[in-house]
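Undergrad: Contents of data.cif (mmCIF, C-alpha atoms and all ligand atoms) are below:
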data_model
loop_
_atom_site.label_atom_id
_atom_site.label_comp_id
_atom_site.auth_asym_id
_atom_site.auth_seq_id
_atom_site.Cartn_x
_atom_site.Cartn_y
_atom_site.Cartn_z
CA MET A 1 11.46 -191.53 -8.30
CA SER A 2 9.31 -192.38 -11.34
CA THR A 3 10.51 -194.98 -13.83
CA GLU A 4 10.78 -192.14 -16.33
CA GLU A 5 13.26 -190.30 -14.09
CA MET A 6 15.13 -193.49 -13.39
CA ALA A 7 15.48 -194.14 -17.10
CA GLN A 8 16.83 -190.64 -17.59
CA GLN A 9 19.43 -191.20 -14.90
CA THR A 10 20.69 -194.34 -16.56
CA GLU A 11 23.72 -193.69 -18.67
CA THR A 12 23.04 -193.81 -22.39
CA PRO A 13 24.66 -196.66 -24.30
CA THR A 14 26.34 -194.26 -26.69
CA LYS A 15 27.59 -191.74 -24.14
CA SER A 16 28.23 -194.15 -21.31
CA ALA A 17 31.71 -194.43 -19.90
CA LYS A 18 30.92 -198.08 -19.33
CA VAL A 19 32.17 -200.78 -21.66
CA ASP A 20 29.76 -202.00 -24.36
CA VAL A 21 30.55 -205.71 -24.06
CA ALA A 22 27.49 -206.78 -26.07
CA SER A 23 28.93 -205.10 -29.17
CA MET A 24 32.34 -206.75 -28.82
CA THR A 25 33.37 -209.57 -31.13
CA ARG A 26 34.53 -212.74 -29.39
CA GLU A 27 38.18 -211.76 -29.89
CA GLU A 28 37.61 -208.29 -28.47
CA LEU A 29 35.77 -209.72 -25.50
CA THR A 30 38.66 -212.11 -24.87
CA ALA A 31 41.14 -209.22 -24.87
CA TYR A 32 38.90 -207.21 -22.57
CA LEU A 33 38.50 -210.02 -20.02
CA GLU A 34 42.22 -210.73 -20.15
CA SER A 35 42.77 -207.06 -19.31
CA LEU A 36 40.67 -207.69 -16.20
CA GLY A 37 42.98 -210.56 -15.31
CA GLU A 38 40.58 -213.31 -16.37
CA LYS A 39 41.38 -216.52 -18.27
CA ARG A 40 40.45 -216.82 -21.95
CA PHE A 41 37.64 -219.32 -21.42
CA ARG A 42 35.76 -216.70 -19.42
CA ALA A 43 35.24 -214.77 -22.65
CA GLU A 44 33.53 -217.79 -24.22
CA GLN A 45 31.24 -217.99 -21.23
CA VAL A 46 30.32 -214.32 -21.23
CA PHE A 47 29.85 -214.37 -25.02
CA ALA A 48 27.48 -217.33 -24.76
CA TRP A 49 25.56 -215.67 -21.93
CA ILE A 50 24.97 -212.60 -24.08
CA HIS A 51 24.49 -214.09 -27.54
CA GLU A 52 23.13 -217.54 -26.89
CA ARG A 53 21.37 -217.38 -23.56
CA HIS A 54 20.36 -213.71 -23.79
CA ALA A 55 21.15 -212.83 -20.19
CA ALA A 56 19.52 -209.56 -19.15
CA SER A 57 22.13 -208.81 -16.46
CA PHE A 58 25.63 -209.81 -15.40
CA ASP A 59 24.14 -211.20 -12.21
CA ALA A 60 22.32 -213.82 -14.26
CA MET A 61 25.68 -215.22 -15.47
CA THR A 62 25.79 -217.80 -12.72
CA ASN A 63 28.88 -219.75 -13.80
CA LEU A 64 31.07 -216.65 -13.38
CA SER A 65 32.65 -215.89 -10.04
CA LYS A 66 30.78 -213.40 -7.86
CA ASP A 67 33.77 -211.08 -8.13
CA LEU A 68 33.72 -211.05 -11.90
CA ARG A 69 29.98 -210.48 -11.98
CA LYS A 70 30.43 -207.52 -9.68
CA LYS A 71 33.31 -206.13 -11.69
CA LEU A 72 31.35 -206.42 -14.94
CA THR A 73 28.31 -204.73 -13.39
CA GLN A 74 30.51 -201.82 -12.34
CA GLU A 75 32.52 -201.52 -15.53
CA ALA A 76 30.29 -202.71 -18.34
CA PHE A 77 26.67 -202.65 -19.50
CA LEU A 78 24.24 -204.77 -21.52
CA PRO A 79 21.66 -203.21 -23.88
CA SER A 80 18.77 -204.69 -21.84
CA PHE A 81 15.77 -203.45 -23.82
CA ALA A 82 12.46 -203.17 -22.02
CA THR A 83 9.55 -204.49 -24.06
CA GLU A 84 7.08 -201.60 -24.05
CA ARG A 85 4.42 -203.05 -26.30
CA ILE A 86 3.72 -206.01 -28.58
CA GLN A 87 1.04 -205.76 -31.27
CA THR A 88 -0.13 -208.89 -33.06
CA SER A 89 -1.73 -208.84 -36.49
CA ALA A 90 -5.12 -210.56 -36.51
CA LYS A 91 -4.55 -211.37 -40.19
CA ASP A 92 -1.21 -213.17 -40.29
CA GLY A 93 0.22 -213.37 -36.77
CA THR A 94 2.92 -210.78 -37.51
CA LYS A 95 4.12 -209.17 -34.31
CA LYS A 96 5.44 -205.65 -33.96
CA TYR A 97 7.62 -204.97 -30.95
CA LEU A 98 8.25 -201.59 -29.39
CA PHE A 99 11.38 -201.66 -27.24
CA LYS A 100 12.72 -198.99 -24.93
CA THR A 101 16.49 -198.48 -24.84
CA LEU A 102 18.55 -197.66 -21.76
CA ASP A 103 18.52 -193.97 -22.72
CA GLY A 104 14.74 -193.93 -23.08
CA GLU A 105 14.49 -194.06 -26.88
CA PHE A 106 12.18 -196.36 -28.82
CA VAL A 107 13.11 -199.05 -31.31
CA GLU A 108 10.70 -201.09 -33.42
CA SER A 109 11.18 -204.59 -34.82
CA VAL A 110 8.81 -206.92 -36.64
CA ARG A 111 8.52 -210.71 -36.45
CA MET A 112 6.93 -212.53 -39.39
CA ILE A 113 5.97 -216.17 -39.77
CA TYR A 114 6.76 -217.78 -43.10
CA LYS A 115 6.55 -221.41 -44.23
CA HIS A 116 10.33 -221.65 -44.18
CA GLY A 117 10.74 -220.16 -40.72
CA ILE A 118 10.67 -217.04 -38.61
CA THR A 119 11.94 -213.79 -40.11
CA VAL A 120 12.71 -210.77 -37.98
CA CYS A 121 13.01 -207.29 -39.46
CA ILE A 122 15.33 -205.21 -37.31
CA SER A 123 16.11 -201.50 -37.11
CA SER A 124 19.64 -200.16 -37.53
CA GLN A 125 19.02 -196.62 -36.28
CA ILE A 126 16.54 -194.67 -34.18
CA GLY A 127 14.89 -192.51 -36.82
CA CYS A 128 16.61 -191.90 -40.15
CA ARG A 129 18.14 -188.95 -41.99
CA MET A 130 17.65 -190.17 -45.55
CA GLY A 131 14.33 -188.34 -46.03
CA CYS A 132 12.52 -190.73 -48.42
CA LYS A 133 9.14 -189.14 -49.13
CA PHE A 134 7.06 -192.30 -48.68
CA CYS A 135 8.60 -193.55 -45.43
CA ALA A 136 7.45 -192.88 -41.85
CA SER A 137 10.81 -193.74 -40.27
CA THR A 138 12.38 -190.54 -41.53
CA LEU A 139 9.67 -188.08 -40.43
CA GLY A 140 11.39 -187.11 -37.18
CA GLY A 141 14.95 -187.21 -38.54
CA LEU A 142 17.78 -189.24 -37.05
CA VAL A 143 17.92 -189.54 -33.27
CA ARG A 144 20.96 -191.82 -33.09
CA SER A 145 22.47 -194.97 -34.55
CA LEU A 146 22.07 -198.29 -32.77
CA THR A 147 25.07 -200.21 -31.50
CA ALA A 148 25.79 -203.71 -32.83
CA GLY A 149 24.65 -205.08 -29.47
CA GLU A 150 21.35 -203.22 -29.77
CA MET A 151 20.79 -204.60 -33.25
CA ALA A 152 21.23 -208.14 -31.92
CA GLU A 153 19.20 -207.37 -28.79
CA GLN A 154 16.05 -206.96 -30.92
CA ILE A 155 16.39 -210.57 -32.10
CA TYR A 156 17.22 -211.89 -28.63
CA ARG A 157 14.24 -210.18 -26.91
CA ILE A 158 11.90 -211.54 -29.59
CA GLU A 159 13.27 -215.07 -29.16
CA GLU A 160 12.87 -214.80 -25.39
CA ASP A 161 9.27 -213.63 -25.85
CA THR A 162 8.21 -216.35 -28.29
CA GLY A 163 10.53 -219.20 -27.38
CA GLU A 164 11.18 -219.83 -31.06
CA ARG A 165 14.45 -219.54 -32.96
CA VAL A 166 14.72 -216.77 -35.53
CA SER A 167 15.98 -218.22 -38.80
CA ASN A 168 16.09 -215.18 -41.07
CA VAL A 169 17.02 -211.58 -40.40
CA VAL A 170 16.32 -208.61 -42.65
CA ILE A 171 17.83 -205.24 -41.82
CA MET A 172 14.91 -203.31 -43.22
CA GLY A 173 13.42 -201.64 -40.17
CA MET A 174 14.02 -198.07 -39.11
CA GLY A 175 17.20 -196.42 -40.31
CA GLU A 176 19.78 -196.73 -43.08
CA PRO A 177 22.22 -199.56 -42.28
CA PHE A 178 24.98 -198.05 -44.46
CA ASP A 179 24.68 -194.83 -42.44
CA ASN A 180 25.75 -197.00 -39.49
CA TYR A 181 28.29 -199.06 -41.39
CA GLU A 182 30.80 -200.03 -38.73
CA ALA A 183 28.09 -201.23 -36.33
CA LEU A 184 26.44 -203.15 -39.18
CA LEU A 185 29.62 -205.13 -39.94
CA ARG A 186 30.12 -205.77 -36.24
CA PHE A 187 26.51 -206.97 -35.90
CA LEU A 188 27.00 -209.40 -38.81
CA THR A 189 30.10 -210.81 -37.13
CA LEU A 190 28.24 -211.24 -33.84
CA ILE A 191 25.04 -212.80 -35.15
CA THR A 192 26.85 -215.34 -37.35
CA ASP A 193 29.40 -216.37 -34.69
CA GLU A 194 29.27 -220.13 -34.16
CA LYS A 195 29.49 -219.62 -30.41
CA GLY A 196 26.54 -217.23 -30.46
CA HIS A 197 23.32 -217.29 -32.47
CA HIS A 198 25.18 -218.84 -35.41
CA LEU A 199 22.82 -217.46 -38.01
CA SER A 200 23.65 -218.44 -41.56
CA ARG A 201 24.93 -215.58 -43.73
CA ARG A 202 22.61 -216.82 -46.44
CA GLN A 203 19.64 -216.00 -44.22
CA ILE A 204 20.50 -212.34 -43.80
CA THR A 205 19.46 -209.44 -46.04
CA VAL A 206 20.71 -205.88 -45.75
CA SER A 207 18.61 -203.20 -47.45
CA THR A 208 20.04 -199.82 -48.45
CA CYS A 209 18.69 -196.68 -50.10
CA GLY A 210 21.86 -196.70 -52.22
CA ILE A 211 24.94 -195.10 -50.67
CA VAL A 212 27.30 -196.04 -53.50
CA PRO A 213 30.76 -196.00 -51.80
CA LYS A 214 29.34 -198.15 -48.98
CA ILE A 215 27.82 -200.67 -51.43
CA ARG A 216 31.28 -201.06 -52.97
CA ALA A 217 32.98 -201.35 -49.58
CA PHE A 218 30.37 -203.91 -48.54
CA ALA A 219 31.09 -205.94 -51.68
CA ASP A 220 34.79 -205.91 -50.78
CA ALA A 221 33.99 -206.90 -47.18
CA ASP A 222 32.39 -210.04 -48.69
CA THR A 223 30.09 -210.79 -45.77
CA GLY A 224 28.12 -213.37 -47.77
CA VAL A 225 24.74 -211.73 -47.08
CA THR A 226 22.10 -210.69 -49.60
CA LEU A 227 21.96 -207.06 -50.66
CA ALA A 228 18.64 -205.37 -51.31
CA LEU A 229 18.61 -202.00 -53.02
CA SER A 230 15.73 -199.56 -52.63
CA LEU A 231 15.27 -198.42 -56.21
CA HIS A 232 11.68 -197.13 -56.36
CA ALA A 233 12.14 -195.23 -59.62
CA SER A 234 13.16 -195.90 -63.19
CA ASN A 235 14.91 -192.62 -63.94
CA ASP A 236 16.94 -190.03 -62.03
CA ALA A 237 14.40 -187.21 -62.10
CA MET A 238 11.70 -189.46 -60.65
CA ARG A 239 14.07 -190.88 -58.05
CA ARG A 240 15.26 -187.45 -56.93
CA GLU A 241 11.67 -186.43 -56.35
CA ILE A 242 11.01 -189.20 -53.84
CA MET A 243 14.49 -189.99 -52.49
CA PRO A 244 16.89 -187.15 -51.51
CA VAL A 245 19.85 -189.60 -51.59
CA ALA A 246 19.39 -189.73 -55.38
CA ALA A 247 20.82 -186.21 -55.62
CA ALA A 248 24.18 -187.60 -54.48
CA TYR A 249 24.26 -190.81 -56.54
CA ASP A 250 22.63 -191.26 -59.92
CA LEU A 251 20.91 -194.47 -60.98
CA LYS A 252 23.75 -195.57 -63.21
CA SER A 253 26.29 -195.40 -60.38
CA VAL A 254 23.87 -197.20 -58.04
CA VAL A 255 23.20 -200.04 -60.48
CA ASP A 256 26.91 -200.26 -61.36
CA ALA A 257 27.74 -200.64 -57.65
CA CYS A 258 25.13 -203.42 -57.44
CA ARG A 259 26.69 -205.16 -60.45
CA TYR A 260 30.00 -204.92 -58.62
CA TYR A 261 28.38 -206.51 -55.56
CA PHE A 262 27.10 -209.36 -57.70
CA GLU A 263 30.46 -209.86 -59.46
CA LYS A 264 32.39 -209.82 -56.20
CA THR A 265 30.09 -212.01 -54.13
CA GLY A 266 28.08 -214.09 -56.61
CA ARG A 267 24.97 -213.07 -54.67
CA ARG A 268 22.02 -211.91 -56.73
CA VAL A 269 20.90 -208.40 -55.76
CA THR A 270 17.23 -207.73 -55.00
CA PHE A 271 15.80 -204.39 -56.10
CA GLU A 272 12.91 -203.08 -54.05
CA TYR A 273 10.29 -201.06 -55.86
CA ALA A 274 7.55 -199.41 -53.83
CA LEU A 275 4.76 -199.05 -56.36
CA ILE A 276 3.15 -195.60 -56.17
CA GLY A 277 0.04 -194.97 -58.28
CA GLY A 278 0.56 -192.33 -60.95
CA VAL A 279 4.26 -191.96 -60.10
CA ASN A 280 6.29 -195.05 -60.99
CA ASP A 281 3.73 -197.57 -62.30
CA THR A 282 3.65 -196.66 -65.99
CA ASP A 283 4.62 -198.69 -69.09
CA TRP A 284 7.31 -196.09 -69.65
CA ALA A 285 8.80 -196.97 -66.25
CA VAL A 286 8.90 -200.64 -67.27
CA SER A 287 10.88 -199.92 -70.43
CA GLU A 288 13.30 -197.72 -68.48
CA LEU A 289 13.77 -200.50 -65.90
CA SER A 290 14.42 -203.00 -68.63
CA ALA A 291 17.17 -200.75 -70.09
CA LEU A 292 18.63 -200.23 -66.62
CA PHE A 293 18.88 -203.96 -65.85
CA LYS A 294 20.08 -205.07 -69.28
CA GLY A 295 22.31 -208.12 -68.90
CA PHE A 296 22.12 -208.07 -65.12
CA PRO A 297 20.63 -211.15 -63.40
CA CYS A 298 18.67 -209.50 -60.61
CA HIS A 299 15.31 -209.64 -59.00
CA LEU A 300 12.67 -206.91 -58.64
CA ASN A 301 10.56 -207.00 -55.50
CA VAL A 302 7.44 -204.91 -56.02
CA ILE A 303 5.88 -203.51 -52.82
CA PRO A 304 2.53 -201.75 -53.32
CA VAL A 305 3.33 -198.64 -51.27
CA ASN A 306 2.04 -198.91 -47.73
CA PRO A 307 -0.03 -196.07 -46.37
CA VAL A 308 1.66 -193.54 -44.10
CA THR A 309 -0.77 -190.76 -43.11
CA GLU A 310 1.71 -187.94 -43.74
CA THR A 311 2.89 -189.00 -47.21
CA GLY A 312 -0.35 -189.02 -49.18
CA MET A 313 1.07 -191.63 -51.56
CA LYS A 314 -1.15 -194.46 -52.68
CA ALA A 315 -0.59 -197.84 -54.25
CA PRO A 316 -2.37 -198.58 -57.51
CA ASP A 317 -5.42 -200.87 -57.17
CA ARG A 318 -5.03 -204.63 -57.48
CA GLU A 319 -5.53 -204.54 -61.26
CA GLY A 320 -2.94 -201.80 -61.57
CA VAL A 321 -0.40 -203.91 -59.69
CA GLU A 322 -1.22 -206.93 -61.89
CA ARG A 323 -0.85 -204.87 -65.03
CA PHE A 324 2.55 -203.59 -63.91
CA LEU A 325 3.76 -207.12 -63.14
CA LYS A 326 2.59 -208.44 -66.50
CA ALA A 327 4.45 -205.63 -68.24
CA LEU A 328 7.61 -206.47 -66.25
CA GLU A 329 7.28 -210.12 -67.23
CA LYS A 330 6.89 -209.18 -70.88
CA ALA A 331 10.03 -207.07 -70.62
CA GLY A 332 11.91 -210.08 -69.23
CA ILE A 333 12.35 -208.67 -65.72
CA HIS A 334 12.20 -211.26 -62.96
CA ALA A 335 9.75 -209.83 -60.42
CA THR A 336 7.54 -210.77 -57.49
CA VAL A 337 5.11 -208.87 -55.29
CA ARG A 338 6.07 -208.72 -51.65
CA ARG A 339 3.41 -210.29 -49.52
CA GLU A 340 2.03 -207.65 -47.23
CA MET A 341 2.40 -208.54 -43.61
CA GLY A 342 1.38 -206.72 -40.48
CA ARG A 343 -0.19 -203.79 -42.28
CA ASP A 344 -3.08 -203.70 -39.79
CA ILE A 345 -0.58 -203.00 -36.99
CA ASP A 346 1.48 -200.45 -38.97
CA GLY A 347 4.22 -203.04 -39.10
CA ALA A 348 4.67 -203.13 -42.86
CA CYS A 349 7.55 -201.58 -44.87
CA GLY A 350 7.94 -197.88 -44.26
CA GLN A 351 5.45 -197.77 -41.41
CA LEU A 352 7.87 -198.02 -38.50
CA ARG A 353 8.35 -194.76 -36.71
CA GLY A 354 9.75 -195.75 -33.34
CA ARG A 355 7.36 -193.95 -31.09
CA VAL A 356 4.01 -194.51 -29.49
CA THR A 357 1.64 -193.31 -32.16
CA HIS A 358 -1.60 -194.85 -31.04
CA GLN A 359 -2.09 -194.55 -27.32
CA ILE A 360 -3.48 -197.70 -25.83
CA PRO A 361 -6.87 -196.76 -24.38
N1 LIG B 401 17.05 -197.58 -45.28
C1 LIG B 401 16.97 -198.87 -45.88
C2 LIG B 401 16.15 -199.89 -45.11
C3 LIG B 401 14.82 -199.46 -44.54
S1 LIG B 401 13.33 -199.46 -45.43
C4 LIG B 401 16.48 -198.75 -47.29
O1 LIG B 401 16.14 -197.65 -47.71
O2 LIG B 401 16.49 -199.75 -48.00
C5 LIG B 401 12.97 -201.05 -46.05
C6 LIG B 401 12.24 -200.94 -47.38
O3 LIG B 401 10.89 -200.42 -47.24
C7 LIG B 401 12.95 -200.01 -48.33
O4 LIG B 401 12.96 -200.55 -49.61
C8 LIG B 401 12.05 -198.79 -48.27
O5 LIG B 401 12.25 -197.95 -49.35
C9 LIG B 401 10.69 -199.43 -48.22
N2 LIG B 401 9.61 -198.53 -47.84
C10 LIG B 401 9.69 -197.39 -47.12
N3 LIG B 401 8.46 -196.84 -46.98
C11 LIG B 401 7.60 -197.64 -47.63
C12 LIG B 401 6.19 -197.61 -47.83
N4 LIG B 401 5.45 -196.63 -47.32
N5 LIG B 401 5.64 -198.60 -48.55
C13 LIG B 401 6.40 -199.61 -49.03
N6 LIG B 401 7.72 -199.70 -48.87
C14 LIG B 401 8.32 -198.72 -48.19
#
Here is the file; what I need is its structure written in the form of structure tokens.
Ligand code: SAH
TA:
Amino acid sequence: MSTEEMAQQTETPTKSAKVDVASMTREELTAYLESLGEKRFRAEQVFAWIHERHAASFDAMTNLSKDLRKKLTQEAFLPSFATERIQTSAKDGTKKYLFKTLDGEFVESVRMIYKHGITVCISSQIGCRMGCKFCASTLGGLVRSLTAGEMAEQIYRIEEDTGERVSNVVIMGMGEPFDNYEALLRFLTLITDEKGHHLSRRQITVSTCGIVPKIRAFADADTGVTLALSLHASNDAMRREIMPVAAAYDLKSVVDACRYYFEKTGRRVTFEYALIGGVNDTDWAVSELSALFKGFPCHLNVIPVNPVTETGMKAPDREGVERFLKALEKAGIHATVRREMGRDIDGACGQLRGRVTHQIP
């Protein structure tokens, strides 16, 4: 049997009748192991094996009894991604990982090196159904959402590969995290657990295209993470042209929901603005932005749009970007340009597409 056929025979994580222990919170795992007749401390051990030691199988959990290991192998599963390919940027050391899931789908994640530590950009879904015109992740539609365990697995496989702790996580890879809301919250609980990776909430950013009711619910959930909002336009007509989600929620309701997030959590919201030449880089856009943000302490992150063959959208030249930033500054809008990383390996914003696009010769 080929590995391809074997992969197809493996039960899919979403349809599997087996128990998804890697997506369980510590309390849920405790209840589950108690239901198997195990003592509470076993849950701590299994949790640490998954979230701290990144065990790839139940057999590797050597301080559990043989019986329990066998029972877990029969009843439960781990996400166990296979690393299909790693590309390293010659420019800045950024690494793009292509992982294969148990059901044979592909997930991409990006690891970036900054002065303050290692940031990993993870995917929340395989594909995306939001349809943003400038983004490669949405070209093939949504395949499926990732489980919380699969979101964490991306970080764990990268740490195992590099041997270095990940200090910052941005949920800005493939997919719309608020279109996978329950798994997102679960992932945040897992990754910040003191008995697991124990990532600080301050070091996590969730980026959304702007699903208003979910922004409000997320504010109420008070997770303590930073919210980034993909704005990309200064008025509704312009936004509707490049982001289908804008037909459901107008700019005012999006910015109001972000104000609510700020009021509820005290965390400053970041607005992402992919700069597209001739579309959203005019002086007019700057004055509209300034009206939109009036009295709102926020931050604008300008990303010269990254090339995606199918979109045909281009960033302005360097002078154009500078001009736009100067105009923002003059209008009193706090803004920075996002440093481009991993563009030479199609690892930059909007370039992840979760499949093998360039065959390795
Ligand atoms: N669905 C979420 C997170 C994924 S995209 C969201 O929309 O926020 C992460 C960021 O990259 C978003 O701001 C997205 O709009 C932006 N992006 C997508 N394609 C891009 C491109 N070609 N160039 C620059 N930024 C892009």
Undergrad: Would you mind listing what lies within 10 Å of Pro177 in chain A as a PyMOL selection string, with only C-alpha atoms counted and same-chain residues fewer than 2 positions away left out?
TA: chain A and resi 123-125+128+145-146+171-175+179-185+206-209+211+214
Undergrad: Set the distance at 10 Å and use all atoms listed in the file: which residues neighbour Gln45 in chain A once local chain neighbours fewer than 3 positions away are removed? I'd like the list as a count of residues only.
TA: 11
Undergrad: Residues at most 9 Å from ligand LIG 401 (chain B), using all atoms listed in the file? Could they come as number ranges by chain?
TA: A: 123-124, 128, 130, 132-137, 170-179, 206-210, 228-232, 243, 271-276, 302-308, 311, 313-315, 348-352
Undergrad: Each side padded by 3 Å, which centre and which edge lengths in Å (one decimal) define the axis-aligned box around the listed atoms of range 188-205 of chain A? Give them as lines of an AutoDock Vina configuration file.
TA:
center_x = 24.8
center_y = -214.8
center_z = -38.4
size_x = 16.6
size_y = 16.7
size_z = 22.0
Undergrad: Name the closest residue to Ala327 in chain A among the candidates A:Asp281, A:Phe296, A:Ile155, A:Ile345; distances are taken between atoms, counting all atoms listed in the file.
TA: A:Asp281
Undergrad: As an NGL selection string, please: the residues near Met341 in chain A (cut-off 9 Å, all atoms listed in the file, same-chain neighbours under 4 positions excluded).
TA: :A and (89 or 91-94 or 112 or 347-349)
Undergrad: Which residue is closest to Gly354 in chain A? Choose from A:Leu188, A:Leu325, A:Leu36, A:Leu98 and count only C-alpha atoms.
TA: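 Ranking A:Leu188, A:Leu325, A:Leu36, A:Leu98 by distance to Gly354 in chain A, first place goes to A:Leu98.
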Undergrad: Can you tell me which residues surround range 101-110 of chain A at a distance of at most 6 Å, considering all atoms listed in the file, apart from same-chain residues fewer than 3 positions away, and format the answer as a list in words?
TA: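 Skipping anything fewer than 3 positions along the chain leaves Thr12, Phe81, Lys95, Lys96, Tyr97, Leu98, Val120, Cys121, Ile122, Gly354 and Arg355 of chain A.
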Undergrad: Skip Thr73 in chain A itself and residues of its chain fewer than 3 positions away, then list as a PDB file with C-alpha atoms, in the frame of the given file all residues within 10 Å of it, counting all atoms listed in the file.
TA:
ATOM      1  CA  LYS A  18      30.920-198.080 -19.330  1.00  0.00           C
ATOM      2  CA  VAL A  19      32.170-200.780 -21.660  1.00  0.00           C
ATOM      3  CA  SER A  57      22.130-208.810 -16.460  1.00  0.00           C
ATOM      4  CA  PHE A  58      25.630-209.810 -15.400  1.00  0.00           C
ATOM      5  CA  ASP A  59      24.140-211.200 -12.210  1.00  0.00           C
ATOM      6  CA  ASP A  67      33.770-211.080  -8.130  1.00  0.00           C
ATOM      7  CA  LEU A  68      33.720-211.050 -11.900  1.00  0.00           C
ATOM      8  CA  ARG A  69      29.980-210.480 -11.980  1.00  0.00           C
ATOM      9  CA  LYS A  70      30.430-207.520  -9.680  1.00  0.00           C
ATOM     10  CA  ALA A  76      30.290-202.710 -18.340  1.00  0.00           C
ATOM     11  CA  PHE A  77      26.670-202.650 -19.500  1.00  0.00           C
ATOM     12  CA  LEU A  78      24.240-204.770 -21.520  1.00  0.00           C
TER      13      LEU A  78
END
Undergrad: Quote the spacing between CA of Ala148 in chain A and CA of Arg268 in chain A in Å to one decimal place.
TA: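 Separation between CA of Ala148 in chain A and CA of Arg268 in chain A: 25.5 Å.
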Undergrad: Taking into account all atoms listed in the file, which residue in the set A:Asp250, A:Glu153, A:Asp317, A:Glu44 is nearest to Pro79 in chain A?
TA: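 Smallest distance to Pro79 in chain A is found for A:Glu153.
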Undergrad: Ranking A:Gly342, A:Pro244, A:Gly295, A:Gly278 by minimum distance to Pro316 in chain A and counting all atoms listed in the file, which one comes first?
TA: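 Counting all atoms listed in the file, the residue closest to Pro316 in chain A is A:Gly278.
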Undergrad: How many Å separate CA of Arg85 in chain A from CA of Thr162 in chain A?
TA: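 Separation of CA of Arg85 in chain A and CA of Thr162 in chain A: 14.0 Å.
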Undergrad: Using only C-alpha atoms, which of A:Ala56, A:Val254, A:Ile118, A:Ile86 sits nearest Asp346 in chain A?
TA: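 Under the stated criterion, the closest residue is A:Ile86.
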Undergrad: Compare A:Glu263, A:Glu27, A:Glu159, A:Glu319 by their minimum atom-to-atom distance to Pro297 in chain A, counting only C-alpha atoms, and give me the closest one.
TA: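 Using only C-alpha atoms, the shortest distance to Pro297 in chain A belongs to A:Glu263.
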Undergrad: Using the incomplete input, complete range 182-193 of chain A to the level of N, CA and C atoms; output as a PDB file, in the coordinates of the input.
TA:
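Heads up, here's the output in rebuild02.pdb:
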ATOM      1  N   GLU A 182      29.873-199.274 -39.588  1.00  0.00           N
ATOM      2  CA  GLU A 182      30.800-200.030 -38.730  1.00  0.00           C
ATOM      3  C   GLU A 182      30.002-200.958 -37.792  1.00  0.00           C
ATOM      4  N   ALA A 183      28.925-200.423 -37.224  1.00  0.00           N
ATOM      5  CA  ALA A 183      28.090-201.230 -36.330  1.00  0.00           C
ATOM      6  C   ALA A 183      27.421-202.374 -37.097  1.00  0.00           C
ATOM      7  N   LEU A 184      27.059-202.110 -38.354  1.00  0.00           N
ATOM      8  CA  LEU A 184      26.440-203.150 -39.180  1.00  0.00           C
ATOM      9  C   LEU A 184      27.390-204.338 -39.357  1.00  0.00           C
ATOM     10  N   LEU A 185      28.639-204.045 -39.728  1.00  0.00           N
ATOM     11  CA  LEU A 185      29.620-205.130 -39.940  1.00  0.00           C
ATOM     12  C   LEU A 185      29.838-205.909 -38.640  1.00  0.00           C
ATOM     13  N   ARG A 186      29.917-205.165 -37.549  1.00  0.00           N
ATOM     14  CA  ARG A 186      30.120-205.770 -36.240  1.00  0.00           C
ATOM     15  C   ARG A 186      28.929-206.688 -35.892  1.00  0.00           C
ATOM     16  N   PHE A 187      27.725-206.177 -36.163  1.00  0.00           N
ATOM     17  CA  PHE A 187      26.510-206.970 -35.900  1.00  0.00           C
ATOM     18  C   PHE A 187      26.553-208.277 -36.703  1.00  0.00           C
ATOM     19  N   LEU A 188      26.963-208.192 -37.969  1.00  0.00           N
ATOM     20  CA  LEU A 188      27.000-209.400 -38.810  1.00  0.00           C
ATOM     21  C   LEU A 188      27.991-210.413 -38.254  1.00  0.00           C
ATOM     22  N   THR A 189      29.114-209.918 -37.742  1.00  0.00           N
ATOM     23  CA  THR A 189      30.100-210.810 -37.130  1.00  0.00           C
ATOM     24  C   THR A 189      29.507-211.497 -35.887  1.00  0.00           C
ATOM     25  N   LEU A 190      28.804-210.703 -35.080  1.00  0.00           N
ATOM     26  CA  LEU A 190      28.240-211.240 -33.840  1.00  0.00           C
ATOM     27  C   LEU A 190      27.165-212.298 -34.101  1.00  0.00           C
ATOM     28  N   ILE A 191      26.241-211.966 -34.998  1.00  0.00           N
ATOM     29  CA  ILE A 191      25.040-212.800 -35.150  1.00  0.00           C
ATOM     30  C   ILE A 191      25.368-214.117 -35.868  1.00  0.00           C
ATOM     31  N   THR A 192      26.484-214.117 -36.631  1.00  0.00           N
ATOM     32  CA  THR A 192      26.850-215.340 -37.350  1.00  0.00           C
ATOM     33  C   THR A 192      27.892-216.160 -36.587  1.00  0.00           C
ATOM     34  N   ASP A 193      28.356-215.666 -35.453  1.00  0.00           N
ATOM     35  CA  ASP A 193      29.400-216.370 -34.690  1.00  0.00           C
ATOM     36  C   ASP A 193      28.880-217.756 -34.246  1.00  0.00           C
TER      37      ASP A 193
END
